[in-house]
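Raw contents of protein-v6.cif, mmCIF, C-alpha atoms and all ligand atoms:
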data_run
#
loop_
_atom_site.label_atom_id
_atom_site.label_comp_id
_atom_site.auth_asym_id
_atom_site.auth_seq_id
_atom_site.Cartn_x
_atom_site.Cartn_y
_atom_site.Cartn_z
CA MET A 741 0.00 0.00 0.00
CA GLY A 742 1.25 3.51 -0.77
CA MET A 743 2.14 4.93 2.60
CA ASP A 744 1.54 8.55 1.89
CA TRP A 745 1.72 9.49 5.51
CA SER A 746 2.67 12.50 7.47
CA TYR A 747 2.43 13.60 11.00
CA ALA A 748 3.37 16.78 12.69
CA PRO A 749 3.39 16.82 16.47
CA GLU A 750 4.34 20.48 16.53
CA THR A 751 1.27 21.65 14.69
CA SER A 752 -1.30 20.07 16.95
CA ILE A 753 -0.96 22.88 19.45
CA GLU A 754 -1.98 25.36 16.80
CA TYR A 755 -5.13 23.42 16.01
CA HIS A 756 -6.11 23.27 19.63
CA GLN A 757 -6.29 27.02 19.66
CA ALA A 758 -8.50 27.07 16.61
CA GLY A 759 -10.72 24.36 18.03
CA SER A 760 -10.69 26.42 21.22
CA ASP A 761 -12.47 24.06 23.55
CA MET A 762 -10.56 20.85 23.18
CA GLU A 763 -8.01 21.02 25.94
CA PRO A 764 -9.38 21.49 29.42
CA THR A 765 -6.28 23.45 30.43
CA ARG A 766 -6.98 25.99 27.73
CA GLN A 767 -10.62 26.40 28.54
CA LYS A 768 -9.88 28.69 31.43
CA LYS A 769 -8.06 31.15 29.23
CA LYS A 770 -10.10 33.89 27.71
CA ARG A 771 -10.83 33.05 24.12
CA PRO A 772 -9.00 35.39 21.76
CA PRO A 773 -11.05 37.31 19.21
CA LYS A 774 -11.85 35.18 16.20
CA GLU A 775 -9.66 37.01 13.72
CA HIS A 776 -6.60 36.48 15.90
CA MET A 777 -7.07 32.76 16.21
CA ALA A 778 -4.49 30.49 14.68
CA LYS A 779 -5.54 29.01 11.40
CA GLY A 780 -6.37 25.34 11.58
CA PRO A 781 -8.74 22.99 9.87
CA PRO A 782 -12.34 24.14 10.12
CA GLY A 783 -14.74 22.43 12.48
CA ARG A 784 -14.58 21.22 16.06
CA ASN A 785 -13.97 17.92 17.82
CA VAL A 786 -16.96 15.83 16.87
CA ALA A 787 -15.80 12.56 18.44
CA GLU A 788 -16.18 13.47 22.11
CA PHE A 789 -18.52 11.01 23.88
CA ALA A 790 -19.35 9.30 20.60
CA GLU A 791 -19.88 5.56 20.40
CA THR A 792 -16.66 3.53 20.16
CA ILE A 793 -15.46 -0.05 19.93
CA GLN A 794 -12.08 -1.71 19.83
CA SER A 795 -10.96 -5.14 18.80
CA SER A 796 -9.93 -6.11 22.36
CA THR A 797 -9.32 -4.50 25.74
CA LEU A 798 -6.35 -4.90 28.06
CA GLN A 799 -7.45 -6.19 31.47
CA ARG A 800 -11.00 -5.09 30.65
CA ILE A 801 -10.09 -1.68 32.05
CA TYR A 802 -8.66 0.28 29.16
CA THR A 803 -11.87 0.46 27.17
CA ALA A 804 -12.40 2.16 23.82
CA ASP A 805 -14.60 4.93 25.24
CA ARG A 806 -11.69 6.27 27.30
CA ALA A 807 -10.29 7.72 24.06
CA VAL A 808 -13.30 10.01 23.59
CA ASP A 809 -14.08 10.97 27.19
CA GLY A 810 -12.80 14.53 26.87
CA ASN A 811 -9.69 13.87 28.96
CA THR A 812 -6.80 14.47 26.61
CA GLY A 813 -4.18 13.87 29.31
CA LYS A 814 -1.36 11.57 28.25
CA LYS A 815 -0.25 10.16 31.60
CA PHE A 816 -1.23 6.55 31.13
CA PHE A 817 -1.84 5.72 34.78
CA GLN A 818 -3.44 8.99 35.85
CA ASP A 819 -5.46 9.87 32.78
CA THR A 820 -7.91 7.87 30.71
CA CYS A 821 -6.47 5.87 27.85
CA ALA A 822 -7.66 2.96 25.72
CA HIS A 823 -5.36 -0.06 25.27
CA THR A 824 -6.02 -3.19 23.24
CA SER A 825 -4.97 -6.48 24.76
CA CYS A 826 -1.52 -8.01 24.32
CA ASN A 827 -2.80 -11.05 22.48
CA ASP A 828 -4.64 -9.15 19.79
CA HIS A 829 -3.06 -9.89 16.45
CA ASP A 830 -5.02 -7.20 14.58
CA PRO A 831 -5.71 -4.33 16.98
CA HIS A 832 -8.06 -1.62 15.85
CA TRP A 833 -10.27 1.07 17.36
CA THR A 834 -13.35 2.68 15.79
CA VAL A 835 -15.48 5.70 16.60
CA CYS A 836 -18.94 6.33 15.15
CA LEU A 837 -19.91 9.99 14.84
CA GLN A 838 -23.49 11.19 15.19
CA GLN A 839 -23.84 11.71 11.45
CA GLN A 840 -21.78 11.99 8.26
CA HIS A 841 -19.02 14.58 8.49
CA THR A 842 -16.39 16.10 6.30
CA ILE A 843 -13.30 15.04 8.23
CA ASN A 844 -10.48 17.55 8.32
CA SER A 845 -8.01 16.19 10.84
CA ILE A 846 -7.45 13.56 13.49
CA THR A 847 -5.42 14.19 16.63
CA ILE A 848 -4.10 11.24 18.59
CA HIS A 849 -2.97 11.81 22.16
CA ASN A 850 -0.26 9.24 22.67
CA PRO A 851 0.42 8.04 26.22
CA ASP A 852 3.69 8.60 28.04
CA LYS A 853 3.97 4.82 28.41
CA ALA A 854 3.52 4.13 24.69
CA ARG A 855 7.06 2.72 24.41
CA GLY A 856 7.17 3.70 20.76
CA ARG A 857 4.13 1.69 19.84
CA LEU A 858 2.38 4.50 17.98
CA LYS A 859 3.76 3.45 14.61
CA ASN A 860 2.56 1.51 11.59
CA ILE A 861 -0.85 3.06 12.02
CA LYS A 862 -3.52 3.56 9.42
CA ILE A 863 -6.53 5.85 9.86
CA GLU A 864 -9.50 5.14 7.64
CA VAL A 865 -12.86 6.82 7.22
CA PHE A 866 -16.04 4.94 6.30
CA GLN A 867 -19.50 6.17 5.41
CA THR A 868 -21.05 2.95 6.69
CA ASN A 869 -20.32 0.50 9.50
CA PRO A 870 -16.88 -0.98 8.73
CA ARG A 871 -17.92 -4.23 10.39
CA LYS A 872 -20.55 -4.80 7.73
CA THR A 873 -19.76 -6.04 4.25
CA GLY A 874 -19.64 -3.42 1.53
CA ALA A 875 -18.12 -0.69 3.69
CA ILE A 876 -15.62 1.32 1.68
CA ALA A 877 -12.48 2.57 3.40
CA GLN A 878 -11.08 5.96 2.55
CA LEU A 879 -7.51 6.48 3.79
CA CYS A 880 -7.25 9.63 5.87
CA ALA A 881 -3.65 9.35 7.00
CA ALA A 882 -1.06 6.97 8.31
CA ILE A 883 1.94 6.82 10.60
CA GLY A 884 4.87 4.89 9.19
CA PRO A 885 7.51 2.76 10.89
CA THR A 886 9.01 5.72 12.77
CA PRO A 887 7.11 5.94 16.03
CA ALA A 888 5.53 9.13 17.28
CA LEU A 889 7.15 10.33 20.49
CA ASP A 890 5.69 9.00 23.71
CA GLY A 891 3.56 11.51 25.57
CA THR A 892 2.93 13.79 22.58
CA SER A 893 -0.06 14.67 20.44
CA VAL A 894 -0.03 13.93 16.74
CA THR A 895 -2.31 15.74 14.30
CA LEU A 896 -2.88 14.17 10.91
CA LEU A 897 -4.70 15.90 8.10
CA CYS A 898 -7.12 13.99 5.90
CA PRO A 899 -7.22 14.70 2.16
CA ASN A 900 -9.74 17.36 1.16
CA GLY A 901 -13.26 16.04 0.90
CA THR A 902 -12.73 13.03 3.17
CA ARG A 903 -16.21 12.19 4.29
CA GLY A 904 -17.79 9.64 6.56
CA GLN A 905 -19.30 8.68 9.87
CA TYR A 906 -16.86 6.02 11.13
CA ILE A 907 -13.16 6.50 11.79
CA ARG A 908 -11.03 3.41 12.31
CA ILE A 909 -7.48 3.45 13.60
CA SER A 910 -5.56 0.22 13.15
CA LYS A 911 -2.05 -1.15 13.30
CA THR A 912 -0.77 -2.33 9.94
CA VAL A 913 2.36 -4.13 11.12
CA MET A 914 2.79 -5.80 14.47
CA GLN A 915 6.09 -6.07 16.28
CA GLN A 916 7.84 -9.23 15.18
CA GLY A 917 9.87 -11.66 17.19
CA ASN A 918 8.14 -12.70 20.30
CA TRP A 919 4.81 -13.83 18.99
CA TRP A 920 3.62 -17.24 19.93
CA GLN A 921 0.36 -18.97 19.50
CA ARG A 922 -1.30 -21.17 22.03
CA GLY A 923 -4.50 -22.68 20.79
CA ARG A 924 -6.19 -19.79 19.05
CA ARG A 925 -4.73 -17.04 21.23
CA TRP A 926 -1.82 -14.87 20.25
CA LYS A 927 0.65 -13.65 22.81
CA ASN A 928 3.40 -11.13 22.48
CA ASN A 929 5.92 -10.66 25.24
CA LYS A 930 6.42 -7.05 24.19
CA CYS A 931 2.68 -6.47 24.19
CA ASP A 932 2.48 -4.64 20.89
CA ALA A 933 -0.92 -3.00 21.02
CA LEU A 934 -2.91 0.09 20.13
CA LEU A 935 -2.83 2.73 22.88
CA LEU A 936 -4.91 5.88 22.61
CA CYS A 937 -5.35 8.38 25.42
CA GLU A 938 -7.69 10.49 23.32
CA VAL A 939 -8.71 10.79 19.71
CA GLU A 940 -10.04 14.10 18.48
CA VAL A 941 -11.76 14.27 15.14
CA VAL A 942 -12.16 17.72 13.68
CA GLY A 943 -14.88 17.95 11.09
CA THR A 944 -18.07 19.60 9.99
CA PRO A 945 -21.43 17.88 9.61
CA TYR A 946 -22.33 16.94 6.09
CA VAL A 947 -25.71 16.21 4.59
CA ASP A 948 -26.27 14.60 1.23
CA CYS A 949 -28.72 16.51 -0.95
CA PRO A 950 -31.47 14.20 -2.21
CA LYS A 951 -32.98 14.60 -5.66
CA GLY A 952 -35.00 17.78 -5.93
CA PHE A 953 -32.79 19.63 -3.45
CA GLU A 954 -30.14 22.22 -4.12
CA ARG A 955 -27.00 22.67 -2.05
CA PHE A 956 -25.90 25.94 -0.51
CA GLN A 957 -22.99 25.78 1.94
CA ASP A 958 -23.71 22.91 4.36
CA SER A 959 -27.47 22.67 3.71
CA CYS A 960 -29.83 21.43 1.02
CA TYR A 961 -32.92 23.36 -0.08
CA HIS A 962 -36.13 22.51 -1.82
CA PHE A 963 -38.56 25.12 -3.13
CA SER A 964 -42.20 24.14 -3.46
CA ASP A 965 -43.52 23.66 -6.95
CA ASP A 966 -45.21 26.39 -8.94
CA ASP A 967 -48.72 25.85 -7.69
CA ASP A 968 -48.03 24.06 -4.41
CA VAL A 969 -49.41 26.44 -1.79
CA GLU A 970 -50.13 25.27 1.74
CA SER A 971 -50.69 26.55 5.25
CA TRP A 972 -47.54 26.97 7.36
CA PHE A 973 -48.39 23.82 9.33
CA GLN A 974 -49.07 21.74 6.24
CA ALA A 975 -45.97 23.14 4.54
CA ARG A 976 -43.92 22.00 7.50
CA ILE A 977 -45.33 18.49 7.23
CA SER A 978 -44.64 18.48 3.50
CA CYS A 979 -41.01 19.35 4.18
CA GLN A 980 -40.77 16.70 6.87
CA THR A 981 -42.12 13.99 4.59
CA ILE A 982 -39.15 14.57 2.30
CA GLY A 983 -36.64 14.45 5.17
CA ALA A 984 -36.37 18.19 5.63
CA ASP A 985 -38.06 20.95 7.61
CA LEU A 986 -38.99 24.54 6.90
CA ALA A 987 -35.88 26.62 6.22
CA VAL A 988 -34.11 28.23 9.15
CA ILE A 989 -32.21 31.36 8.18
CA GLU A 990 -29.10 31.93 10.21
CA SER A 991 -26.99 34.29 8.18
CA LYS A 992 -27.08 37.02 5.59
CA ASP A 993 -25.43 34.67 3.10
CA GLU A 994 -28.16 32.09 3.52
CA ASN A 995 -30.85 34.78 3.31
CA ASP A 996 -29.30 36.25 0.16
CA PHE A 997 -29.16 32.81 -1.47
CA ILE A 998 -32.83 32.14 -0.74
CA ALA A 999 -34.03 35.61 -1.68
CA ALA A 1000 -32.23 35.44 -5.02
CA LYS A 1001 -33.47 31.94 -5.69
CA ILE A 1002 -37.14 32.70 -5.09
CA LEU A 1003 -36.87 35.97 -6.99
CA ALA A 1004 -35.82 33.96 -10.04
CA LEU A 1005 -38.55 31.37 -9.44
CA ALA A 1006 -41.27 33.97 -9.06
CA GLY A 1007 -40.33 35.83 -12.21
CA ASN A 1008 -43.12 38.27 -12.94
CA ASN A 1009 -45.48 36.84 -10.31
CA ASN A 1010 -45.61 39.69 -7.86
CA ASN A 1011 -47.96 38.03 -5.41
CA TRP A 1012 -45.88 34.96 -4.61
CA SER A 1013 -44.89 34.45 -0.99
CA PHE A 1014 -42.88 31.66 0.62
CA PHE A 1015 -43.11 30.31 4.15
CA ALA A 1016 -39.94 29.67 6.17
CA GLY A 1017 -39.46 28.11 9.62
CA LEU A 1018 -39.96 31.10 11.92
CA HIS A 1019 -43.08 31.56 14.00
CA LYS A 1020 -44.31 33.75 16.80
CA LEU A 1021 -45.11 32.29 20.19
CA ASN A 1022 -48.40 32.87 21.94
CA ASP A 1023 -46.94 35.73 23.95
CA GLN A 1024 -47.43 37.64 20.66
CA MET A 1025 -43.87 38.93 20.83
CA THR A 1026 -41.26 36.23 20.66
CA TRP A 1027 -40.24 34.87 17.29
CA MET A 1028 -38.74 31.40 17.37
CA TRP A 1029 -37.05 29.22 14.78
CA ILE A 1030 -38.26 25.65 14.52
CA ASP A 1031 -34.68 24.40 14.91
CA PRO A 1032 -33.75 24.39 18.60
CA ASN A 1033 -30.09 24.43 17.61
CA ALA A 1034 -30.46 27.63 15.63
CA VAL A 1035 -30.08 31.10 17.02
CA MET A 1036 -32.89 31.50 19.50
CA GLY A 1037 -35.29 34.35 19.26
CA VAL A 1038 -35.18 36.86 16.49
CA PRO A 1039 -35.37 40.58 17.08
CA SER A 1040 -38.67 42.07 16.12
CA GLY A 1041 -38.95 45.34 14.36
CA GLN A 1042 -36.31 47.12 12.44
CA PRO A 1043 -34.55 44.94 9.92
CA ASN A 1044 -31.09 43.74 10.74
CA ALA A 1045 -30.84 45.90 13.84
CA LEU A 1046 -29.08 43.26 15.90
CA ASN A 1047 -27.79 39.76 15.87
CA PRO A 1048 -29.20 37.18 15.45
CA PHE A 1049 -29.88 37.78 11.81
CA SER A 1050 -33.23 39.09 10.58
CA ASP A 1051 -34.43 40.78 7.44
CA TRP A 1052 -37.83 42.21 8.33
CA ARG A 1053 -39.39 44.64 5.96
CA ASP A 1054 -40.16 47.95 7.63
CA GLY A 1055 -43.13 47.65 9.93
CA GLN A 1056 -43.11 43.86 9.99
CA GLY A 1057 -42.39 41.47 12.80
CA ASP A 1058 -42.91 43.91 15.66
CA ASP A 1059 -46.62 44.18 16.17
CA THR A 1060 -48.90 42.08 18.31
CA ASP A 1061 -51.35 40.76 15.80
CA ASP A 1062 -52.40 37.35 14.59
CA GLN A 1063 -49.79 37.11 11.90
CA HIS A 1064 -47.62 34.47 13.47
CA CYS A 1065 -45.65 32.99 10.61
CA LEU A 1066 -42.74 34.20 8.50
CA THR A 1067 -43.09 34.60 4.78
CA TYR A 1068 -40.76 35.94 2.18
CA PHE A 1069 -42.68 38.70 0.43
CA LYS A 1070 -41.70 40.54 -2.74
CA ASP A 1071 -41.43 44.25 -2.36
CA ASN A 1072 -39.47 46.67 -4.54
CA LEU A 1073 -38.21 43.82 -6.72
CA LYS A 1074 -36.70 41.98 -3.77
CA PHE A 1075 -37.85 39.36 -1.28
CA THR A 1076 -37.66 40.33 2.39
CA TRP A 1077 -39.31 39.08 5.58
CA ASP A 1078 -42.99 39.63 6.16
CA HIS A 1079 -45.39 38.03 8.57
CA ASP A 1080 -48.70 36.48 7.76
CA GLU A 1081 -51.36 34.28 9.30
CA CYS A 1082 -50.16 30.71 9.55
CA CYS A 1083 -53.42 29.40 8.09
CA HIS A 1084 -53.03 31.33 4.88
CA SER A 1085 -51.59 29.39 1.96
CA HIS A 1086 -48.21 30.14 0.44
CA ARG A 1087 -45.35 28.47 -1.30
CA TYR A 1088 -42.62 27.29 1.02
CA ILE A 1089 -38.91 26.60 1.38
CA CYS A 1090 -37.61 23.34 2.86
CA GLU A 1091 -34.10 22.82 4.23
CA ILE A 1092 -32.02 19.86 5.32
CA SER A 1093 -29.53 21.38 7.70
CA PRO A 1094 -26.72 19.67 9.59
CA THR A 1095 -27.78 21.70 12.63
CA PHE A 1096 -31.27 20.22 12.72
CA PRO A 1097 -31.63 17.82 15.64
CA GLN A 1098 -30.42 14.33 14.81
CA PRO A 1099 -32.10 11.29 16.23
CA ARG A 1100 -29.65 10.17 18.93
CA CYS A 1101 -29.69 6.45 18.68
CA ARG A 1102 -26.94 4.23 19.95
CA GLY A 1103 -26.25 1.06 18.09
CA CYS A 1104 -23.94 2.36 15.36
CA PHE A 1105 -22.05 -0.91 15.33
CA ARG A 1106 -24.93 -3.35 15.22
CA CA A 1201 -9.09 10.07 27.44
CA CA A 1202 -30.26 27.16 7.65
#
Output the file's structure in the form of structure tokens.
Amino acid sequence: MGMDWSYAPETSIEYHQAGSDMEPTRQKKKRPPKEHMAKGPPGRNVAEFAETIQSSTLQRIYTADRAVDGNTGKKFFQDTCAHTSCNDHDPHWTVCLQQQHTINSITIHNPDKARGRLKNIKIEVFQTNPRKTGAIAQLCAAIGPTPALDGTSVTLLCPNGTRGQYIRISKTVMQQGNWWQRGRRWKNNKCDALLLCEVEVVGTPYVDCPKGFERFQDSCYHFSDDDDVESWFQARISCQTIGADLAVIESKDENDFIAAKILALAGNNNNWSFFAGLHKLNDQMTWMWIDPNAVMGVPSGQPNALNPFSDWRDGQGDDTDDQHCLTYFKDNLKFTWDHDECCHSHRYICEISPTFPQPRCRGCFR
């Protein structure tokens, strides 16, 4: 196999700053302003507390989950490290993320007692369970025969566009010499094994756009057909039946994309309006996105006055009437935010967003 590997212990520190909340010791420090942060791969550690397995466990103590428990300490006996057993001929460790991600980098925290065993390592990314047939491995990175230093952190970059839900770390070559086989068990006096104090996976959630959807940044959008007009509630159900929900607008970029898109769709139809996923609570004042992970609450009144983002047309969004649902409304040749009664019928915009709540089910490896 082409061992196109690289590792750079020095650079991992830099990435920790960019990730900002990875190392407990750094959490106490005040976070520097964004523009002064060191440049690292985009995303954050998405492996923490995720589901893990490993091929075997030394003394039943050094379990796979210890490598994603948030403790990045590298003192083998004080901190929390995973360790496969000494009679494992093919040691490997796998983490299953909550959903598909674009994987940017992997950081391995190598214990002080590694004794040079962090070598001949291959890191692969899979879109499906690697234990099931048909899973396709994508090589992220590898560590060759020169061991990483004991007690250091190693950051490895994946090739651009590496995508998947499962990351498997395995040893490609085991230490030779002292292997012996008794029955079906392998033993190695030097206990060559896979030791991982922590594995951090930096990535960003990724959603596949189904047919009929259009990608913009990390989300997929569907615009209702020409004559498909529905109430806000029914529109929401229609979006949900195709695996989406009403669009949640979190930034000017996203708003500009949608406004331009529906402007083109509407053409000369000046009375077209489109529902999106913002509605007013019964207190008659608070606007709320349907996505609990999105920015909460949207300022009423003057457009774009404050964060979080809003694009109300003058006089919209700030009165206490029965118009509880957000529509995009065309005014002066441009679509901006308006409010209307939820039971009126309009076209609508669906989104599949990586921030929408994911069903949290364990059982990745079944
Ligand atoms: Ca740990
Ligand atoms: Ca969105």
Which one of A:Ile989, A:Ile843, A:Ile1002, A:Cys821 sits closest to ligand CA 1202 (chain A) if you count only C-alpha atoms and all ligand atoms? A:Ile989
So how many Å separate atom CA of Asp890 of chain A and atom CA of Leu934 of chain A, to one decimal?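 Computing the Euclidean distance for atom CA of Asp890 of chain A and atom CA of Leu934 of chain A yields 12.9 Å.
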Figure out the distance between atom CA of Thr981 of chain A and atom CA of Phe1049 of chain A, please, to one decimal in Å. 27.7 Å
Which residues of chain A sit at most 7 Å from ligand CA 1202 (chain A), using all atoms listed in the file? Give each one's shortest atom pair and distance in Å (one decimal place), in chain and ascending residue order, as a tab-separated table.
residue	atom	partner	partner_atom	distance
A:Ser959	CA	A:CA1202	CA	6.6
A:Ala987	CA	A:CA1202	CA	5.8
A:Val988	CA	A:CA1202	CA	4.3
A:Ile989	CA	A:CA1202	CA	4.7
A:Glu990	CA	A:CA1202	CA	5.5
A:Glu994	CA	A:CA1202	CA	6.8
A:Glu1091	CA	A:CA1202	CA	6.7
A:Ser1093	CA	A:CA1202	CA	5.8
Which residues sit within 7 Å of ligand CA 1201 (chain A), counting only C-alpha atoms and all ligand atoms, listed as a list in words?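 So the residues close to ligand CA 1201 (chain A) are Arg806, Ala807, Val808, Asp809, Gly810, Asn811, Thr812, Gly813, Asp819, Thr820, Cys821, Cys937 and Glu938 of chain A.
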Applying 9 Å and only C-alpha atoms, which residues near Thr892 of chain A remain after dropping the ones on its own chain fewer than 6 positions away? List them as a VMD selection string. chain A and resid 749 814 848 to 852
To one decimal place, how far is atom CA of Thr895 of chain A from atom CA of Glu940 of chain A in Å? 8.9 Å
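You can rank A:Gln1024, A:Asp932, A:Phe1075, A:Lys1070 by their closest distance to Phe997 of chain A using only C-alpha atoms, and at the top of that list sits A:Phe1075.
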Please provide the set of residues having any atom within 7 Å of Ala875 of chain A, restricted to all atoms listed in the file, with same-chain residues fewer than 6 positions apart removed, written as a PyMOL selection string. chain A and resi 866+868-869
Taking only C-alpha atoms into account, name the residue in A:Leu858, A:Leu1005, A:Asp966, A:Gly783 that is nearest to Gly884 of chain A.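 Of the candidates, the smallest distance to Gly884 of chain A is held by A:Leu858.
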Counting only C-alpha atoms, which residues come within 8 Å of (-36.8, 24.5, 6.9), with the point read in the file's coordinates, and could you list them as a ChimeraX atom specification? /A:976,979,984-988,1016-1017,1030,1089-1093
Write to file, as a compact mmCIF listing (two decimals), keeping the file's coordinate frame, the residues of the selection just made, with C-alpha atoms.
# COMPACT_ATOMS: atom_id res chain seq x y z
CA ARG A 976 -43.92 22.00 7.50
CA CYS A 979 -41.01 19.35 4.18
CA ALA A 984 -36.37 18.19 5.63
CA ASP A 985 -38.06 20.95 7.61
CA LEU A 986 -38.99 24.54 6.90
CA ALA A 987 -35.88 26.62 6.22
CA VAL A 988 -34.11 28.23 9.15
CA ALA A 1016 -39.94 29.67 6.17
CA GLY A 1017 -39.46 28.11 9.62
CA ILE A 1030 -38.26 25.65 14.52
CA ILE A 1089 -38.91 26.60 1.38
CA CYS A 1090 -37.61 23.34 2.86
CA GLU A 1091 -34.10 22.82 4.23
CA ILE A 1092 -32.02 19.86 5.32
CA SER A 1093 -29.53 21.38 7.70
May I have the protein, DNA and RNA residues with any atom at most 6 Å from the point (-39.0, 43.2, 6.7), counting only C-alpha atoms, written as a PyMOL selection string? chain A and resi 1043+1051-1054+1056+1076-1078
Quick one: of A:Ile846, A:Asp996, A:Gly952, A:Val865, who's nearest to Val894 of chain A, counting only C-alpha atoms? A:Ile846
Compile the contact shell of segment 1060-1067 of chain A as an MDAnalysis selection string: residues with an atom at most 8 Å away, counting only C-alpha atoms, same-chain residues fewer than 3 positions apart removed. chainID A and resid 972 1013:1021 1024:1025 1077:1082
Expected file contents, prior selection, C-alpha atoms, as an mmCIF file, keeping the file's coordinate frame:
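Generated file (selection_6.cif):
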data_model
loop_
_atom_site.group_PDB
_atom_site.id
_atom_site.type_symbol
_atom_site.label_atom_id
_atom_site.label_comp_id
_atom_site.auth_asym_id
_atom_site.auth_seq_id
_atom_site.Cartn_x
_atom_site.Cartn_y
_atom_site.Cartn_z
ATOM 1 C CA TRP A 972 -47.540 26.970 7.360
ATOM 2 C CA SER A 1013 -44.890 34.450 -0.990
ATOM 3 C CA PHE A 1014 -42.880 31.660 0.620
ATOM 4 C CA PHE A 1015 -43.110 30.310 4.150
ATOM 5 C CA ALA A 1016 -39.940 29.670 6.170
ATOM 6 C CA GLY A 1017 -39.460 28.110 9.620
ATOM 7 C CA LEU A 1018 -39.960 31.100 11.920
ATOM 8 C CA HIS A 1019 -43.080 31.560 14.000
ATOM 9 C CA LYS A 1020 -44.310 33.750 16.800
ATOM 10 C CA LEU A 1021 -45.110 32.290 20.190
ATOM 11 C CA GLN A 1024 -47.430 37.640 20.660
ATOM 12 C CA MET A 1025 -43.870 38.930 20.830
ATOM 13 C CA TRP A 1077 -39.310 39.080 5.580
ATOM 14 C CA ASP A 1078 -42.990 39.630 6.160
ATOM 15 C CA HIS A 1079 -45.390 38.030 8.570
ATOM 16 C CA ASP A 1080 -48.700 36.480 7.760
ATOM 17 C CA GLU A 1081 -51.360 34.280 9.300
ATOM 18 C CA CYS A 1082 -50.160 30.710 9.550
#
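Using all atoms listed in the file, the nearest neighbour of Gln867 of chain A within the list A:Met914, A:Ala1004, A:Ala790, A:Cys836 is A:Cys836.
Distances here use only C-alpha atoms; by that measure, the residue among A:Gly891, A:Pro870, A:Pro945, A:Gly904 closest to Trp833 of chain A is A:Pro870.
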